[in-house]
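Q: Please see the structure below; I have some questions.
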Amino acid sequence: MERKIMIEEKERYREDYQMRMLKANAPEGLLPVQGRGADQRSIYEYDVSGKVSVKAMYERSGMNQADLRHFLTSFQTALRETEKHLLNVNCILLKPEYIFYEAEKYYFCYYPPADQELWEEFHALTEYFVKQADYQDKEAVRIVSLLHKGTMEENYSIEKLIGECMEGEEEKPPEEKKKRENITYDTREHDWIAEQELGSSILRETDQMWKPVKHFLKKHKKNRWGDWDGLHIEEDEL
């Protein structure tokens with residue numbers, strides 16, 4: 001079933017080069033859009049069929065590291081596609097209600113009349129991420145902290161910041177992740193084996209170290225021998 005959202009602007013609609021570029025090329029990561037005029041207003045309709053908004057998606061559950069990584073990858077793609085087609089990146093809307101999710105990808109509304117600065121909007125979005133992050137997920141916390149702190153710097157680079165966030169542990173395939181979650185270990189048995197191996201290793205090394213001394217003792221064997229560096233030692237104690 002087709003589903004659309006609509007954004008209105010209180011000015012007469014004009015079919016500019018941006019709309020023509022969007023229709024002719026369908027840049028990856030940007031939602032399909034149709035523009036029209038009605039009663040001195042501009043109306044932009046976006047096809048969001050099969051997708052859910054970020055605002056609705058994370059009202060009840062937190063964003064984990066996989067969600068954040070998918071978002072950053074999708075946002076990076078949208079930025080590159082926008083620049084590739086000579087579109088203004090400041091027209092990408094970054095409010096949670098205008099970002100949509102489907103099958104591990106995020107999609108953005110490109111709104112030609114937008115009067116905003118992308119870098120300021122992205123900072124505001126990171127504040128939303130801080131509130132919505134899953135704080136049981138350490139990697140998610142690392143990412144949102146890095147994003148929020150980075151966007152507070154003057155003239156920060158979005159590309160560089162995304163790259164820093166993606167340097168962490170790679171997301172494991174679902175099958176492997178599930179296997180890892182289901183595996184339990186008997187650490188007592190593991191520790192016992194480690195202790196035995198360590199003990200055997202120490203004994204072997206000690207035996208090798210004392211071989212020359214034992215050889216000397218056998219050559220000069222007596223029933224008992226006395227002090228050696230202040231110690232009284234029996235041969236069989238070696």
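Ordering of the structure tokens sets the chain letters (A, B, ...); residue numbers start at 1 within each chain; ligands are numbered from 1 in the order shown.
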List every residue of stretch 15-148 of chain A that DSSP, applied to the backbone, labels as strand (DSSP E), and write the result as JSON, numbers by chain.

A: {"A": [33, 34, 35, 36, 37, 38, 41, 42, 43, 44, 45, 46, 47, 52, 53, 99, 100, 101, 102, 105, 106, 107, 108]}

Q: Could you write those residues out with N, CA and C atoms, as an mmCIF file, in the first residue's frame?

A:
```cif
data_model
loop_
_atom_site.group_PDB
_atom_site.id
_atom_site.type_symbol
_atom_site.label_atom_id
_atom_site.label_comp_id
_atom_site.auth_asym_id
_atom_site.auth_seq_id
_atom_site.Cartn_x
_atom_site.Cartn_y
_atom_site.Cartn_z
ATOM 1 N N VAL A 33 10.245 12.184 -4.359
ATOM 2 C CA VAL A 33 9.449 13.367 -4.017
ATOM 3 C C VAL A 33 8.732 13.923 -5.240
ATOM 4 N N GLN A 34 7.545 14.440 -5.010
ATOM 5 C CA GLN A 34 6.766 15.115 -6.039
ATOM 6 C C GLN A 34 6.378 16.491 -5.500
ATOM 7 N N GLY A 35 6.522 17.516 -6.336
ATOM 8 C CA GLY A 35 6.160 18.870 -5.909
ATOM 9 C C GLY A 35 5.013 19.417 -6.739
ATOM 10 N N ARG A 36 4.159 20.242 -6.121
ATOM 11 C CA ARG A 36 3.034 20.867 -6.826
ATOM 12 C C ARG A 36 2.592 22.111 -6.073
ATOM 13 N N GLY A 37 1.829 22.937 -6.742
ATOM 14 C CA GLY A 37 1.318 24.143 -6.114
ATOM 15 C C GLY A 37 -0.182 24.054 -5.894
ATOM 16 N N ALA A 38 -0.682 24.723 -4.850
ATOM 17 C CA ALA A 38 -2.118 24.759 -4.559
ATOM 18 C C ALA A 38 -2.420 25.962 -3.680
ATOM 19 N N ARG A 41 0.398 27.937 -2.341
ATOM 20 C CA ARG A 41 1.241 27.140 -1.448
ATOM 21 C C ARG A 41 2.063 26.158 -2.258
ATOM 22 N N SER A 42 3.171 25.754 -1.701
ATOM 23 C CA SER A 42 3.991 24.703 -2.303
ATOM 24 C C SER A 42 3.806 23.432 -1.484
ATOM 25 N N ILE A 43 3.542 22.328 -2.172
ATOM 26 C CA ILE A 43 3.327 21.054 -1.499
ATOM 27 C C ILE A 43 4.338 20.034 -2.020
ATOM 28 N N TYR A 44 5.035 19.397 -1.073
ATOM 29 C CA TYR A 44 6.021 18.368 -1.421
ATOM 30 C C TYR A 44 5.577 17.053 -0.784
ATOM 31 N N GLU A 45 5.417 16.042 -1.623
ATOM 32 C CA GLU A 45 4.960 14.725 -1.165
ATOM 33 C C GLU A 45 6.086 13.701 -1.304
ATOM 34 N N TYR A 46 6.299 12.959 -0.236
ATOM 35 C CA TYR A 46 7.379 11.973 -0.207
ATOM 36 C C TYR A 46 6.798 10.572 -0.050
ATOM 37 N N ASP A 47 7.281 9.655 -0.878
ATOM 38 C CA ASP A 47 6.821 8.268 -0.828
ATOM 39 C C ASP A 47 7.582 7.531 0.277
ATOM 40 N N VAL A 52 9.373 3.249 8.167
ATOM 41 C CA VAL A 52 8.924 3.795 9.446
ATOM 42 C C VAL A 52 9.843 4.949 9.827
ATOM 43 N N SER A 53 9.282 6.001 10.403
ATOM 44 C CA SER A 53 10.093 7.155 10.766
ATOM 45 C C SER A 53 10.980 6.832 11.968
ATOM 46 N N ILE A 99 13.144 11.372 8.809
ATOM 47 C CA ILE A 99 14.106 10.336 8.446
ATOM 48 C C ILE A 99 13.397 8.990 8.569
ATOM 49 N N PHE A 100 13.528 8.136 7.551
ATOM 50 C CA PHE A 100 12.769 6.884 7.525
ATOM 51 C C PHE A 100 13.695 5.684 7.373
ATOM 52 N N TYR A 101 13.217 4.569 7.927
ATOM 53 C CA TYR A 101 14.027 3.343 7.975
ATOM 54 C C TYR A 101 13.316 2.190 7.268
ATOM 55 N N GLU A 102 14.134 1.404 6.559
ATOM 56 C CA GLU A 102 13.638 0.159 5.955
ATOM 57 C C GLU A 102 14.830 -0.741 5.638
ATOM 58 N N LYS A 105 18.519 0.358 6.198
ATOM 59 C CA LYS A 105 18.900 1.590 5.519
ATOM 60 C C LYS A 105 17.984 2.725 5.967
ATOM 61 N N TYR A 106 18.546 3.932 5.960
ATOM 62 C CA TYR A 106 17.791 5.125 6.326
ATOM 63 C C TYR A 106 17.649 6.017 5.096
ATOM 64 N N TYR A 107 16.505 6.682 5.011
ATOM 65 C CA TYR A 107 16.186 7.518 3.856
ATOM 66 C C TYR A 107 15.815 8.920 4.336
ATOM 67 N N PHE A 108 16.175 9.919 3.540
ATOM 68 C CA PHE A 108 16.044 11.310 3.961
ATOM 69 C C PHE A 108 15.151 12.110 3.001
#
```

Q: Can you pull out every residue within 9 Å of A:His148, counting only C-alpha atoms, but drop anything in the same chain fewer than 2 positions away, and send it as an NGL selection string?

A: :A and (123-127 or 129-130 or 143-146 or 150-152)

Q: Write out, as a JSON list (two decimals), in the first residue's frame, the residues just selected, with C-alpha atoms.

A:
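Output (selection-v7.json):
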```json
[["chain", "number", "residue", "atom", "x", "y", "z"],
["A", 123, "HIS", "CA", 24.29, 18.56, 15.96],
["A", 124, "ALA", "CA", 20.63, 18.73, 17.05],
["A", 125, "LEU", "CA", 20.15, 15.17, 15.76],
["A", 126, "THR", "CA", 23.11, 13.92, 17.81],
["A", 127, "GLU", "CA", 21.41, 15.34, 20.91],
["A", 129, "PHE", "CA", 20.73, 10.18, 19.64],
["A", 130, "VAL", "CA", 22.18, 10.82, 23.11],
["A", 143, "ILE", "CA", 29.44, 6.41, 19.08],
["A", 144, "VAL", "CA", 26.82, 8.88, 20.37],
["A", 145, "SER", "CA", 29.34, 10.48, 22.72],
["A", 146, "LEU", "CA", 31.85, 10.92, 19.91],
["A", 150, "GLY", "CA", 32.47, 16.26, 17.61],
["A", 151, "THR", "CA", 29.53, 18.34, 16.41],
["A", 152, "MET", "CA", 30.17, 20.89, 19.16]]
```

Q: When you draw a straight line from atom CA of A:Pro27 to atom CA of A:Thr73, how long is it in Å?

A: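 These two atoms are separated by 14.9 Å.
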
Q: Give me the residues near A:Cys91 as number ranges by chain, where near means some atom within 7 Å (using only C-alpha atoms) and where sequence neighbours in that chain fewer than 4 positions away do not count.

A: A: 110-112, 114

Q: DSSP on the backbone: which residues in stretch 35-102 of chain A end up as alpha helix (DSSP H)? Give the answer as a list in words.

A: Val54, Lys55, Ala56, Met57, Gln65, Ala66, Asp67, Leu68, Arg69, His70, Phe71, Leu72, Thr73, Ser74, Phe75, Gln76, Thr77, Ala78, Leu79, Arg80, Glu81, Thr82, Glu83 and Lys84 of chain A

Q: Write out as a ChimeraX atom specification the residues lying within 10 Å of A:Val141, counting only C-alpha atoms and excluding same-chain residues fewer than 5 positions away.

A: /A:63-65,129-130,133-136,146-147

Q: Looking at only C-alpha atoms, which of A:Gln76, A:Ser49, A:Asn90, A:Gln132 is the one that sits closest to A:Gly29?

A: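 Answer, going by the shortest atom-to-atom distance: A:Gln76.
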
Q: Hey, which of A:Leu93, A:Phe71, A:Glu167, A:Phe122 ends up closest to A:Lys149? Count only C-alpha atoms.

A: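 Distance minimum relative to A:Lys149 lands on A:Phe122.
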
Q: Quick one: pull the distance between atom CA of A:Arg20 and atom CA of A:Met1, Å, one decimal.

A: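 Rounded to one decimal, the two atoms are 26.0 Å apart.
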
Q: Kindly give the distance, in Å, that separates atom CA of A:Pro96 and atom CA of A:Val54, rounded to a single decimal.

A: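 Result for atom CA of A:Pro96 versus atom CA of A:Val54: 5.1 Å, one decimal.
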